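Text of the file start_17.cif, holding mmCIF, C-alpha atoms and all ligand atoms:
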```
data_coords
loop_
_atom_site.label_atom_id
_atom_site.label_comp_id
_atom_site.auth_asym_id
_atom_site.auth_seq_id
_atom_site.Cartn_x
_atom_site.Cartn_y
_atom_site.Cartn_z
CA MET A 12 21.68 23.03 9.21
CA THR A 13 19.96 25.04 6.50
CA ASP A 14 16.37 25.78 7.38
CA ILE A 15 14.56 23.10 5.47
CA PHE A 16 11.20 24.68 6.25
CA ALA A 17 12.26 27.98 4.71
CA LYS A 18 13.34 26.09 1.61
CA ILE A 19 10.02 24.23 1.38
CA ASP A 20 8.09 27.48 1.73
CA SER A 21 10.21 29.19 -0.93
CA GLY A 22 8.96 26.65 -3.46
CA ALA A 23 12.53 25.88 -4.57
CA GLU A 24 13.23 22.47 -6.11
CA LEU A 25 14.00 20.03 -3.28
CA THR A 26 17.09 17.86 -3.59
CA ARG A 27 17.93 14.38 -2.36
CA GLN A 28 19.86 16.02 0.48
CA ASP A 29 16.75 18.04 1.45
CA LEU A 30 14.73 14.83 1.61
CA VAL A 31 17.39 13.20 3.78
CA GLU A 32 17.20 16.21 6.06
CA MET A 33 13.41 15.96 6.36
CA LEU A 34 13.60 12.24 7.09
CA SER A 35 16.28 12.83 9.71
CA LEU A 36 14.34 15.42 11.73
CA PRO A 37 14.22 14.39 15.39
CA ASP A 38 10.95 13.11 16.80
CA GLY A 39 8.82 15.69 18.59
CA GLY A 40 8.46 19.34 17.62
CA GLN A 41 10.44 19.35 14.40
CA SER A 42 8.79 16.22 13.02
CA GLN A 43 5.42 17.63 13.98
CA ALA A 44 6.24 20.81 12.05
CA LEU A 45 7.01 18.63 9.01
CA PHE A 46 3.69 16.78 9.36
CA ASP A 47 1.82 20.08 9.67
CA ARG A 48 3.53 21.42 6.56
CA ALA A 49 2.65 18.29 4.59
CA TYR A 50 -0.92 18.41 5.84
CA LYS A 51 -1.22 21.95 4.55
CA THR A 52 -0.07 20.78 1.11
CA LYS A 53 -2.67 18.04 1.22
CA LEU A 54 -5.39 20.57 2.10
CA ASP A 55 -4.26 22.86 -0.73
CA TYR A 56 -4.35 20.12 -3.38
CA ILE A 57 -7.04 17.73 -2.16
CA GLY A 58 -8.94 19.26 0.75
CA PRO A 59 -9.89 17.63 4.06
CA LYS A 60 -11.12 14.42 2.48
CA VAL A 61 -10.29 10.77 2.52
CA PHE A 62 -10.95 8.28 -0.26
CA PHE A 63 -11.97 4.76 0.71
CA ARG A 64 -10.94 1.56 -1.08
CA GLY A 65 -12.50 -1.60 0.31
CA LEU A 66 -9.72 -4.17 0.66
CA ILE A 67 -10.47 -7.82 -0.11
CA GLU A 68 -7.58 -10.13 0.77
CA PHE A 69 -8.99 -12.97 -1.27
CA SER A 70 -6.21 -15.54 -0.98
CA ASN A 71 -2.95 -16.01 0.93
CA ILE A 72 -1.49 -18.61 -1.41
CA CYS A 73 1.82 -17.27 -2.71
CA GLU A 74 4.49 -18.67 -5.02
CA LYS A 75 7.07 -16.26 -3.70
CA ASN A 76 9.30 -16.35 -0.70
CA CYS A 77 10.09 -12.76 0.29
CA TYR A 78 12.20 -12.84 3.46
CA TYR A 79 9.99 -10.34 5.33
CA CYS A 80 6.49 -11.61 4.64
CA GLY A 81 4.33 -13.79 6.87
CA ILE A 82 2.57 -15.54 3.99
CA ARG A 83 5.75 -16.45 2.09
CA ARG A 84 5.69 -19.86 0.45
CA ASP A 85 7.91 -21.53 3.04
CA ASN A 86 5.84 -20.49 6.05
CA LYS A 87 4.13 -23.80 6.76
CA GLU A 88 2.47 -22.46 9.92
CA THR A 89 -0.09 -20.43 7.99
CA ALA A 90 -3.27 -22.21 6.84
CA ARG A 91 -3.81 -21.39 3.17
CA TYR A 92 -7.17 -20.23 1.80
CA VAL A 93 -8.94 -18.88 -1.24
CA MET A 94 -12.24 -17.04 -0.72
CA THR A 95 -15.04 -18.35 -2.90
CA ASP A 96 -16.22 -16.24 -5.84
CA GLY A 97 -19.50 -15.78 -3.97
CA GLU A 98 -17.76 -14.43 -0.88
CA ILE A 99 -15.59 -12.08 -2.92
CA ILE A 100 -18.49 -10.71 -4.93
CA ARG A 101 -20.63 -10.27 -1.81
CA ALA A 102 -17.83 -8.26 -0.16
CA ALA A 103 -17.41 -6.14 -3.31
CA LEU A 104 -21.10 -5.40 -3.64
CA TRP A 105 -21.32 -4.58 0.04
CA ALA A 106 -18.63 -1.94 -0.54
CA ASN A 107 -20.65 -0.68 -3.48
CA GLU A 108 -23.80 -0.33 -1.35
CA CYS A 109 -21.74 1.55 1.22
CA LYS A 110 -20.64 3.90 -1.58
CA TYR A 111 -16.95 3.18 -1.08
CA GLY A 112 -16.33 4.05 -4.72
CA SER A 113 -13.71 1.42 -5.31
CA ILE A 114 -12.22 -1.84 -4.08
CA VAL A 115 -8.84 -3.53 -4.07
CA LEU A 116 -8.50 -7.23 -4.84
CA GLN A 117 -5.31 -8.39 -3.17
CA SER A 118 -3.70 -11.81 -2.81
CA GLY A 119 -0.41 -13.65 -2.81
CA GLU A 120 1.23 -14.07 -6.19
CA ARG A 121 0.24 -16.91 -8.52
CA SER A 122 0.83 -17.36 -12.22
CA ASP A 123 -1.27 -20.47 -13.01
CA LYS A 124 -4.06 -20.41 -15.55
CA ASN A 125 -6.81 -20.99 -12.98
CA PHE A 126 -5.73 -17.92 -11.08
CA ILE A 127 -5.45 -15.69 -14.14
CA ASP A 128 -8.82 -16.80 -15.49
CA GLY A 129 -10.37 -16.50 -12.02
CA VAL A 130 -9.24 -12.91 -11.52
CA GLU A 131 -10.49 -11.96 -14.99
CA ARG A 132 -13.88 -13.49 -14.27
CA LEU A 133 -14.13 -11.76 -10.89
CA VAL A 134 -13.31 -8.37 -12.36
CA LYS A 135 -16.00 -8.82 -15.00
CA ASP A 136 -18.59 -10.07 -12.50
CA ILE A 137 -17.95 -7.24 -10.05
CA LYS A 138 -18.08 -4.63 -12.81
CA LYS A 139 -21.36 -6.05 -14.00
CA GLY A 140 -22.80 -6.53 -10.50
CA SER A 141 -22.11 -2.89 -9.63
CA LYS A 142 -23.33 -1.66 -13.04
CA GLY A 143 -19.88 -0.27 -13.73
CA VAL A 144 -19.97 1.97 -10.66
CA LEU A 145 -17.30 0.31 -8.55
CA GLY A 146 -13.67 1.04 -9.44
CA ILE A 147 -11.43 -2.03 -9.28
CA THR A 148 -7.79 -2.06 -8.27
CA LEU A 149 -5.69 -5.20 -8.52
CA CYS A 150 -2.77 -6.05 -6.26
CA VAL A 151 -1.69 -9.54 -7.24
CA GLY A 152 1.96 -9.24 -8.09
CA GLU A 153 4.18 -9.72 -11.11
CA GLN A 154 2.46 -11.06 -14.22
CA THR A 155 3.00 -11.11 -17.97
CA GLU A 156 2.00 -8.18 -20.13
CA GLU A 157 -0.71 -10.30 -21.69
CA THR A 158 -2.23 -11.07 -18.30
CA TYR A 159 -2.13 -7.42 -17.23
CA ARG A 160 -3.82 -6.52 -20.50
CA ARG A 161 -6.58 -9.10 -20.09
CA TRP A 162 -7.41 -7.84 -16.62
CA PHE A 163 -7.36 -4.23 -17.83
CA ASP A 164 -9.74 -5.12 -20.66
CA ALA A 165 -11.96 -6.90 -18.13
CA GLY A 166 -12.37 -3.61 -16.27
CA ALA A 167 -9.59 -3.19 -13.70
CA HIS A 168 -8.23 0.34 -13.96
CA ARG A 169 -5.67 0.55 -11.18
CA TYR A 170 -2.79 -1.70 -10.19
CA LEU A 171 -0.68 -1.71 -7.05
CA LEU A 172 2.78 -3.22 -7.17
CA ARG A 173 5.25 -2.13 -4.55
CA ILE A 174 8.89 -1.87 -5.54
CA GLU A 175 9.58 -2.55 -1.82
CA THR A 176 12.84 -0.56 -2.08
CA SER A 177 14.28 1.42 -4.96
CA ASN A 178 17.82 0.31 -4.04
CA PRO A 179 18.58 -2.84 -6.08
CA GLU A 180 21.27 -3.95 -3.61
CA LEU A 181 18.85 -3.77 -0.71
CA TYR A 182 16.20 -5.53 -2.81
CA LYS A 183 18.62 -8.45 -3.15
CA LYS A 184 19.02 -8.68 0.61
CA LEU A 185 15.26 -8.89 1.11
CA HIS A 186 14.48 -11.51 -1.52
CA PRO A 187 15.73 -14.92 -2.67
CA ALA A 188 17.97 -15.01 -5.74
CA ASP A 189 15.10 -15.79 -8.14
CA HIS A 190 13.16 -12.59 -7.27
CA PHE A 191 14.34 -9.82 -9.56
CA PHE A 192 14.29 -6.06 -9.03
CA GLU A 193 14.52 -5.54 -12.80
CA LYS A 194 11.45 -7.69 -13.38
CA ARG A 195 9.46 -5.64 -10.87
CA LEU A 196 10.54 -2.47 -12.64
CA GLU A 197 9.58 -3.92 -16.00
CA CYS A 198 6.11 -4.80 -14.63
CA LEU A 199 5.59 -1.22 -13.45
CA ARG A 200 6.50 0.01 -16.93
CA MET A 201 4.12 -2.45 -18.60
CA LEU A 202 1.28 -1.42 -16.30
CA LYS A 203 1.77 2.24 -17.18
CA LYS A 204 1.97 1.48 -20.87
CA ILE A 205 -1.29 -0.48 -20.77
CA GLY A 206 -3.03 2.49 -19.18
CA TYR A 207 -3.51 1.51 -15.56
CA GLN A 208 -3.26 4.07 -12.83
CA VAL A 209 -0.17 2.68 -11.21
CA GLY A 210 0.58 2.54 -7.52
CA THR A 211 3.80 1.51 -5.93
CA GLY A 212 5.49 1.87 -2.59
CA VAL A 213 8.13 0.67 -0.22
CA MET A 214 8.62 -0.66 3.27
CA ILE A 215 10.10 1.85 5.68
CA GLY A 216 12.63 1.05 8.39
CA LEU A 217 13.94 -2.21 6.92
CA PRO A 218 17.13 -3.79 8.22
CA HIS A 219 20.11 -2.37 6.22
CA GLN A 220 17.97 0.52 4.86
CA THR A 221 19.34 4.06 5.21
CA VAL A 222 17.56 7.43 5.09
CA ASP A 223 19.40 8.00 1.84
CA ASP A 224 17.68 4.89 0.45
CA LEU A 225 14.34 6.32 1.55
CA ALA A 226 15.09 9.66 -0.08
CA GLY A 227 15.89 7.66 -3.22
CA ASP A 228 12.50 5.94 -2.93
CA ILE A 229 10.68 9.27 -3.05
CA LEU A 230 12.71 10.35 -6.09
CA PHE A 231 11.89 6.99 -7.66
CA PHE A 232 8.15 7.69 -7.25
CA ARG A 233 8.69 11.03 -8.95
CA ASP A 234 10.86 9.74 -11.78
CA MET A 235 8.50 6.84 -12.50
CA ASP A 236 5.61 9.30 -12.62
CA ILE A 237 3.67 7.24 -10.08
CA ASP A 238 0.00 8.09 -9.37
CA MET A 239 -0.58 6.32 -6.08
CA ILE A 240 1.69 5.46 -3.21
CA GLY A 241 1.13 2.82 -0.57
CA MET A 242 3.98 2.51 1.87
CA GLY A 243 4.24 1.60 5.50
CA PRO A 244 6.66 0.73 8.25
CA TYR A 245 8.36 -2.64 8.11
CA ILE A 246 7.02 -4.81 10.93
CA VAL A 247 8.65 -8.02 12.03
CA HIS A 248 6.89 -11.33 11.52
CA GLU A 249 8.48 -13.97 13.74
CA GLN A 250 8.00 -16.78 11.24
CA THR A 251 10.21 -15.12 8.62
CA PRO A 252 13.99 -15.06 8.04
CA LEU A 253 14.26 -11.26 8.22
CA ALA A 254 13.04 -11.24 11.84
CA ALA A 255 16.50 -12.37 12.97
CA GLU A 256 17.96 -9.17 11.59
CA PHE A 257 15.77 -6.95 13.76
CA PRO A 258 15.99 -8.59 17.22
CA ASP A 259 15.04 -5.47 19.20
CA PHE A 260 11.97 -4.62 17.14
CA THR A 261 9.66 -4.28 20.17
CA GLN A 262 11.70 -1.33 21.42
CA ALA A 263 11.78 0.25 17.97
CA LYS A 264 8.06 0.52 17.27
CA GLU A 265 7.71 4.21 17.98
CA ALA A 266 10.74 5.06 15.84
CA GLN A 267 9.35 2.91 13.00
CA LEU A 268 6.03 4.72 13.18
CA ASN A 269 7.65 8.13 13.16
CA LEU A 270 9.87 7.28 10.21
CA GLY A 271 6.79 6.04 8.35
CA LEU A 272 5.01 9.32 9.02
CA LYS A 273 8.02 11.36 7.92
CA MET A 274 8.08 9.41 4.63
CA ILE A 275 4.42 10.24 4.03
CA ALA A 276 5.03 13.90 4.82
CA ALA A 277 8.16 14.23 2.67
CA THR A 278 6.43 12.46 -0.22
CA ARG A 279 3.40 14.77 -0.01
CA ILE A 280 5.63 17.83 0.10
CA LEU A 281 7.65 16.74 -2.94
CA LEU A 282 4.92 15.19 -5.11
CA LYS A 283 1.87 17.22 -4.02
CA ASP A 284 -0.96 15.82 -6.16
CA VAL A 285 -0.61 12.03 -5.85
CA ASN A 286 -2.76 9.70 -3.78
CA ILE A 287 -1.00 8.45 -0.65
CA ALA A 288 -2.47 5.74 1.55
CA ALA A 289 -2.43 5.74 5.33
CA THR A 290 -1.67 2.03 5.49
CA THR A 291 -2.80 -0.48 8.07
CA ALA A 292 0.82 -1.10 9.14
CA LEU A 293 0.72 2.35 10.79
CA GLN A 294 -2.19 1.21 12.91
CA ALA A 295 -0.35 -2.00 13.79
CA LEU A 296 2.23 0.15 15.55
CA ARG A 297 -0.14 2.54 17.28
CA ASP A 298 -3.91 2.53 17.66
CA ASP A 299 -4.34 5.92 16.00
CA GLY A 300 -1.53 5.35 13.45
CA ARG A 301 -3.74 5.73 10.39
CA GLU A 302 -5.19 9.04 11.63
CA LEU A 303 -1.62 10.22 12.18
CA GLY A 304 -0.91 9.20 8.59
CA LEU A 305 -3.78 11.35 7.34
CA LYS A 306 -2.52 14.27 9.41
CA ALA A 307 0.93 13.82 7.87
CA GLY A 308 -0.41 14.13 4.33
CA ALA A 309 -2.04 10.82 3.35
CA ASN A 310 -5.50 10.90 1.70
CA VAL A 311 -6.53 7.28 1.15
CA ILE A 312 -7.66 4.58 3.56
CA MET A 313 -8.28 0.95 2.67
CA PRO A 314 -10.88 -0.42 5.08
CA ASN A 315 -10.56 -4.18 5.33
CA ILE A 316 -13.68 -5.89 4.00
CA THR A 317 -12.29 -9.44 3.97
CA ASP A 318 -14.54 -12.00 5.70
CA VAL A 319 -13.44 -12.22 9.34
CA LYS A 320 -12.83 -15.96 9.18
CA TYR A 321 -9.87 -15.43 6.84
CA ARG A 322 -8.20 -12.47 8.47
CA ASP A 323 -6.03 -14.48 10.86
CA SER A 324 -4.42 -16.20 7.90
CA TYR A 325 -3.54 -13.00 6.05
CA GLN A 326 -0.88 -11.63 8.32
CA LEU A 327 2.03 -10.26 6.36
CA TYR A 328 3.34 -8.85 9.64
CA GLN A 329 2.47 -9.24 13.28
CA GLY A 330 0.03 -7.09 15.19
CA LYS A 331 -2.34 -6.50 12.29
CA PRO A 332 -5.43 -4.74 13.66
CA CYS A 333 -9.12 -5.64 13.16
CA LEU A 334 -8.57 -9.42 13.05
CA ASN A 335 -11.98 -9.99 14.63
CA ASP A 336 -13.83 -6.94 13.36
CA SER A 337 -16.49 -7.30 10.70
CA ARG A 338 -16.53 -4.98 7.70
CA GLU A 339 -19.49 -3.13 9.26
CA CYS A 340 -17.43 -2.66 12.40
CA CYS A 341 -14.41 -1.23 10.57
CA LYS A 342 -16.67 1.10 8.59
CA GLY A 343 -18.14 2.68 11.71
CA CYS A 344 -14.82 2.73 13.48
CA LEU A 345 -12.97 4.43 10.61
CA GLN A 346 -15.78 6.91 10.12
CA ARG A 347 -15.47 7.98 13.77
CA ARG A 348 -11.70 8.11 13.55
CA ILE A 349 -11.76 10.27 10.44
CA GLU A 350 -14.37 12.63 11.83
CA SER A 351 -12.31 12.93 15.02
CA ILE A 352 -9.56 14.65 13.03
CA GLY A 353 -11.95 16.94 11.16
CA GLU A 354 -11.87 15.15 7.80
CA THR A 355 -14.69 13.66 5.75
CA ILE A 356 -14.95 10.50 3.68
CA ALA A 357 -15.50 11.12 -0.03
CA PHE A 358 -18.24 8.56 -0.56
CA ASN A 359 -19.32 7.68 -4.10
CA GLU A 360 -16.09 8.86 -5.68
CA TRP A 361 -13.46 6.86 -7.49
CA GLY A 362 -10.98 9.30 -6.09
CA ASP A 363 -8.58 9.30 -9.00
CA PRO A 364 -5.43 11.23 -8.13
CA LEU A 365 -5.20 14.69 -9.70
CA HIS A 366 -1.81 13.51 -10.89
CA PHE A 367 -3.26 10.93 -13.30
N1 LIG B 1 5.98 -5.51 7.26
C1 LIG B 1 5.41 -4.51 6.56
N2 LIG B 1 4.92 -4.66 5.30
C2 LIG B 1 5.01 -5.87 4.74
N3 LIG B 1 4.64 -6.33 3.54
C3 LIG B 1 4.94 -7.63 3.45
N4 LIG B 1 5.52 -8.04 4.59
C4 LIG B 1 5.58 -6.96 5.41
C5 LIG B 1 6.09 -6.74 6.72
N5 LIG B 1 6.65 -7.73 7.44
C6 LIG B 1 4.08 -5.45 2.50
C7 LIG B 1 4.93 -5.50 1.22
C8 LIG B 1 3.96 -5.98 0.17
C9 LIG B 1 2.63 -5.58 0.75
C10 LIG B 1 1.47 -6.32 0.22
O1 LIG B 1 2.80 -5.84 2.13
O2 LIG B 1 5.35 -4.18 0.91
O3 LIG B 1 4.16 -5.42 -1.10
FE1 LIG B 2 4.06 -13.22 -1.59
FE2 LIG B 2 3.72 -10.56 -1.66
FE3 LIG B 2 4.31 -11.81 0.65
FE4 LIG B 2 6.19 -11.58 -1.27
S1 LIG B 2 5.21 -9.87 -0.11
S2 LIG B 2 5.71 -13.46 -0.09
S3 LIG B 2 4.93 -11.79 -3.12
S4 LIG B 2 2.43 -12.04 -0.54
FE1 LIG B 3 -11.32 -2.09 11.94
FE2 LIG B 3 -11.32 -0.02 13.76
S1 LIG B 3 -10.66 -0.02 11.70
S2 LIG B 3 -12.28 -1.99 13.90
#
```
Show the structure stored in the file as structure tokens.
Amino acid sequence: MTDIFAKIDSGAELTRQDLVEMLSLPDGGQSQALFDRAYKTKLDYIGPKVFFRGLIEFSNICEKNCYYCGIRRDNKETARYVMTDGEIIRAALWANECKYGSIVLQSGERSDKNFIDGVERLVKDIKKGSKGVLGITLCVGEQTEETYRRWFDAGAHRYLLRIETSNPELYKKLHPADHFFEKRLECLRMLKKIGYQVGTGVMIGLPHQTVDDLAGDILFFRDMDIDMIGMGPYIVHEQTPLAAEFPDFTQAKEAQLNLGLKMIAATRILLKDVNIAATTALQALRDDGRELGLKAGANVIMPNITDVKYRDSYQLYQGKPCLNDSRECCKGCLQRRIESIGETIAFNEWGDPLHF
């Protein structure tokens, strides 16, 4: 094996094979060395800080039927909800008072007029209510260019749309026939063209996914000139078709977590100046998973600020943390967690990635 660490330190261009090598490092000492190296890159480019984005999961109604997701259309065991405008705006303005800098409005995917108008109105109201201070990110799926443009003009400046996997063949295995990889790609291109800061990401450790696929994902982020990356381990949800393809998931949790951390580290090492989230899925696998994400090179955390009464119904995967914890609770908890690893929260900042 060539010494991958020597190659990283030399500053030479890293290849797909180098990424595969990083992602294949055994758990323990060698993985830890990778995390430490990535953390150093993060300190060099960003410093010991974490940006907060308050996450509002405002509805779990979804027109789509992704095989892995707990709120897919065909899951009849989930009670469907939409938060009221009042609840959403209160959550957003709470984040503003807490100086979170920005929020993310996330929901299942809908394309009806009510939804499109509603999101536009919310963006405008939140912008106005925060006197333009609060940054607004949308994460509400595939839409038409016109819709994306309307929301951008209303004041949203970032958009998250995960590609889920950059391998079109694998994409087909994870989605019904009427969900199209090409369409997703086209949406990402439209979002960039309109002027959004664009975030994407993948699930890590999916059935049928190889480390070569994951290396391809990182190169995809680079080639698409992506500003923000949100990716996390795949976690089984029993009420979904994909669960059957990962029967021994309970025994695989630690491996899933480690692979997720290696992806963060390898992405930081290759891309350097992008924003990378330490996603909640990491914490679903281990209590201190998000801190481990930060120590492997991530620099963004999305504290959940959804009203507690809805959290049970927004479970894309099982074992989601903080189901009964109020937004005040999560704020204090995350603050302690972040301080415990010697980092500070960058309050009052939009936290745009240097890359943008
Ligand atoms: N495990 C992990 N992540 C999931 N997502 C959906 N279902 C799961 C799951 N079972 C992720 C997808 C989606 C994001 C909102 O949540 O990547 O884009
Ligand atoms: Fe809907 Fe998104 Fe879940 Fe797919 S991953 S079913 S689009 S909420
Ligand atoms: Fe929600 Fe700890 S992050 S209670």
At most 8 Å from ligand LIG 1 (chain B) (all atoms listed in the file): residue list as a ChimeraX atom specification: /A:77,79-81,117,150,172-175,212-215,242-248,292,327-329
Listed atoms of region 143-150 of chain A, axis-aligned box, 6 Å per side: centre and edge lengths to one decimal in Å, as lines of an AutoDock Vina configuration file?
```
center_x = -11.4
center_y = -2.0
center_z = -10.0
size_x = 29.2
size_y = 20.0
size_z = 19.5
```
At most 8 Å from ligand LIG 3 (chain B) (all atoms listed in the file): residue list as number ranges by chain: A: 314-315, 332-334, 336-338, 340-345
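Excluding region 64-66 of chain A itself and same-chain residues fewer than 5 positions from it, the residues having an atom within 9 Å of it are Ala102, Ala103, Ala106, Tyr111, Gly112, Ser113, Ile114, Val115, Leu116, Gln117, Gly146, Ile147, Thr148, Val311, Ile312, Met313, Pro314, Asn315, Ile316, Thr317 and Trp361 of chain A, counting all atoms listed in the file.
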What does the list of residues within 6 Å of ligand LIG 2 (chain B) look like if you count all atoms listed in the file, written as an MDAnalysis selection string? chainID A and resid 73 75:77 80 82:83 119:120
Within 9 Å of region 178-183 of chain A, counting only C-alpha atoms, which residues qualify if same-chain residues fewer than 3 places away don't, as a ChimeraX atom specification? /A:174-175,186-188,190-193,219-220,224-225,227-228
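Reported to one decimal place, the separation of CA of Phe63 (chain A) from CA of Glu354 (chain A) is 12.6 Å.
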Your completed region 79-100 of chain A with N, CA and C atoms, as a PDB file, in the frame of the given file:
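Writing done, so here's out_39.pdb:
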```pdb
ATOM      1  N   TYR A  79      10.648 -11.135   4.275  1.00  0.00           N
ATOM      2  CA  TYR A  79       9.990 -10.340   5.330  1.00  0.00           C
ATOM      3  C   TYR A  79       8.534 -10.714   5.558  1.00  0.00           C
ATOM      4  N   CYS A  80       7.958 -11.517   4.678  1.00  0.00           N
ATOM      5  CA  CYS A  80       6.490 -11.610   4.640  1.00  0.00           C
ATOM      6  C   CYS A  80       5.939 -12.878   5.295  1.00  0.00           C
ATOM      7  N   GLY A  81       4.924 -12.687   6.105  1.00  0.00           N
ATOM      8  CA  GLY A  81       4.330 -13.790   6.870  1.00  0.00           C
ATOM      9  C   GLY A  81       3.624 -14.838   6.040  1.00  0.00           C
ATOM     10  N   ILE A  82       3.256 -14.516   4.803  1.00  0.00           N
ATOM     11  CA  ILE A  82       2.570 -15.540   3.990  1.00  0.00           C
ATOM     12  C   ILE A  82       3.483 -16.066   2.881  1.00  0.00           C
ATOM     13  N   ARG A  83       4.789 -15.902   3.061  1.00  0.00           N
ATOM     14  CA  ARG A  83       5.750 -16.450   2.090  1.00  0.00           C
ATOM     15  C   ARG A  83       5.555 -17.959   1.960  1.00  0.00           C
ATOM     16  N   ARG A  84       5.927 -18.450   0.792  1.00  0.00           N
ATOM     17  CA  ARG A  84       5.690 -19.860   0.450  1.00  0.00           C
ATOM     18  C   ARG A  84       6.171 -20.832   1.524  1.00  0.00           C
ATOM     19  N   ASP A  85       7.335 -20.572   2.101  1.00  0.00           N
ATOM     20  CA  ASP A  85       7.910 -21.530   3.040  1.00  0.00           C
ATOM     21  C   ASP A  85       7.343 -21.440   4.454  1.00  0.00           C
ATOM     22  N   ASN A  86       6.441 -20.517   4.714  1.00  0.00           N
ATOM     23  CA  ASN A  86       5.840 -20.490   6.050  1.00  0.00           C
ATOM     24  C   ASN A  86       4.734 -21.533   6.124  1.00  0.00           C
ATOM     25  N   LYS A  87       5.084 -22.673   6.712  1.00  0.00           N
ATOM     26  CA  LYS A  87       4.130 -23.800   6.760  1.00  0.00           C
ATOM     27  C   LYS A  87       3.152 -23.644   7.926  1.00  0.00           C
ATOM     28  N   GLU A  88       3.345 -22.616   8.748  1.00  0.00           N
ATOM     29  CA  GLU A  88       2.470 -22.460   9.920  1.00  0.00           C
ATOM     30  C   GLU A  88       1.196 -21.680   9.598  1.00  0.00           C
ATOM     31  N   THR A  89       1.123 -21.156   8.379  1.00  0.00           N
ATOM     32  CA  THR A  89      -0.090 -20.430   7.990  1.00  0.00           C
ATOM     33  C   THR A  89      -1.014 -21.344   7.188  1.00  0.00           C
ATOM     34  N   ALA A  90      -2.282 -21.417   7.599  1.00  0.00           N
ATOM     35  CA  ALA A  90      -3.270 -22.210   6.840  1.00  0.00           C
ATOM     36  C   ALA A  90      -3.623 -21.438   5.575  1.00  0.00           C
ATOM     37  N   ARG A  91      -3.576 -22.099   4.437  1.00  0.00           N
ATOM     38  CA  ARG A  91      -3.810 -21.390   3.170  1.00  0.00           C
ATOM     39  C   ARG A  91      -5.292 -21.404   2.805  1.00  0.00           C
ATOM     40  N   TYR A  92      -5.756 -20.332   2.168  1.00  0.00           N
ATOM     41  CA  TYR A  92      -7.170 -20.230   1.800  1.00  0.00           C
ATOM     42  C   TYR A  92      -7.350 -19.478   0.493  1.00  0.00           C
ATOM     43  N   VAL A  93      -8.470 -19.712  -0.136  1.00  0.00           N
ATOM     44  CA  VAL A  93      -8.940 -18.880  -1.240  1.00  0.00           C
ATOM     45  C   VAL A  93     -10.415 -18.587  -0.928  1.00  0.00           C
ATOM     46  N   MET A  94     -10.807 -17.347  -0.915  1.00  0.00           N
ATOM     47  CA  MET A  94     -12.240 -17.040  -0.720  1.00  0.00           C
ATOM     48  C   MET A  94     -13.004 -17.546  -1.937  1.00  0.00           C
ATOM     49  N   THR A  95     -14.244 -17.905  -1.750  1.00  0.00           N
ATOM     50  CA  THR A  95     -15.040 -18.350  -2.900  1.00  0.00           C
ATOM     51  C   THR A  95     -15.442 -17.129  -3.726  1.00  0.00           C
ATOM     52  N   ASP A  96     -15.771 -17.359  -4.995  1.00  0.00           N
ATOM     53  CA  ASP A  96     -16.220 -16.240  -5.840  1.00  0.00           C
ATOM     54  C   ASP A  96     -17.412 -15.541  -5.192  1.00  0.00           C
ATOM     55  N   GLY A  97     -18.314 -16.350  -4.615  1.00  0.00           N
ATOM     56  CA  GLY A  97     -19.500 -15.780  -3.970  1.00  0.00           C
ATOM     57  C   GLY A  97     -19.118 -14.842  -2.838  1.00  0.00           C
ATOM     58  N   GLU A  98     -18.193 -15.281  -2.006  1.00  0.00           N
ATOM     59  CA  GLU A  98     -17.760 -14.430  -0.880  1.00  0.00           C
ATOM     60  C   GLU A  98     -17.112 -13.142  -1.373  1.00  0.00           C
ATOM     61  N   ILE A  99     -16.301 -13.271  -2.402  1.00  0.00           N
ATOM     62  CA  ILE A  99     -15.590 -12.080  -2.920  1.00  0.00           C
ATOM     63  C   ILE A  99     -16.600 -11.091  -3.512  1.00  0.00           C
ATOM     64  N   ILE A 100     -17.523 -11.605  -4.283  1.00  0.00           N
ATOM     65  CA  ILE A 100     -18.490 -10.710  -4.930  1.00  0.00           C
ATOM     66  C   ILE A 100     -19.412 -10.071  -3.899  1.00  0.00           C
TER      67      ILE A 100
END
```
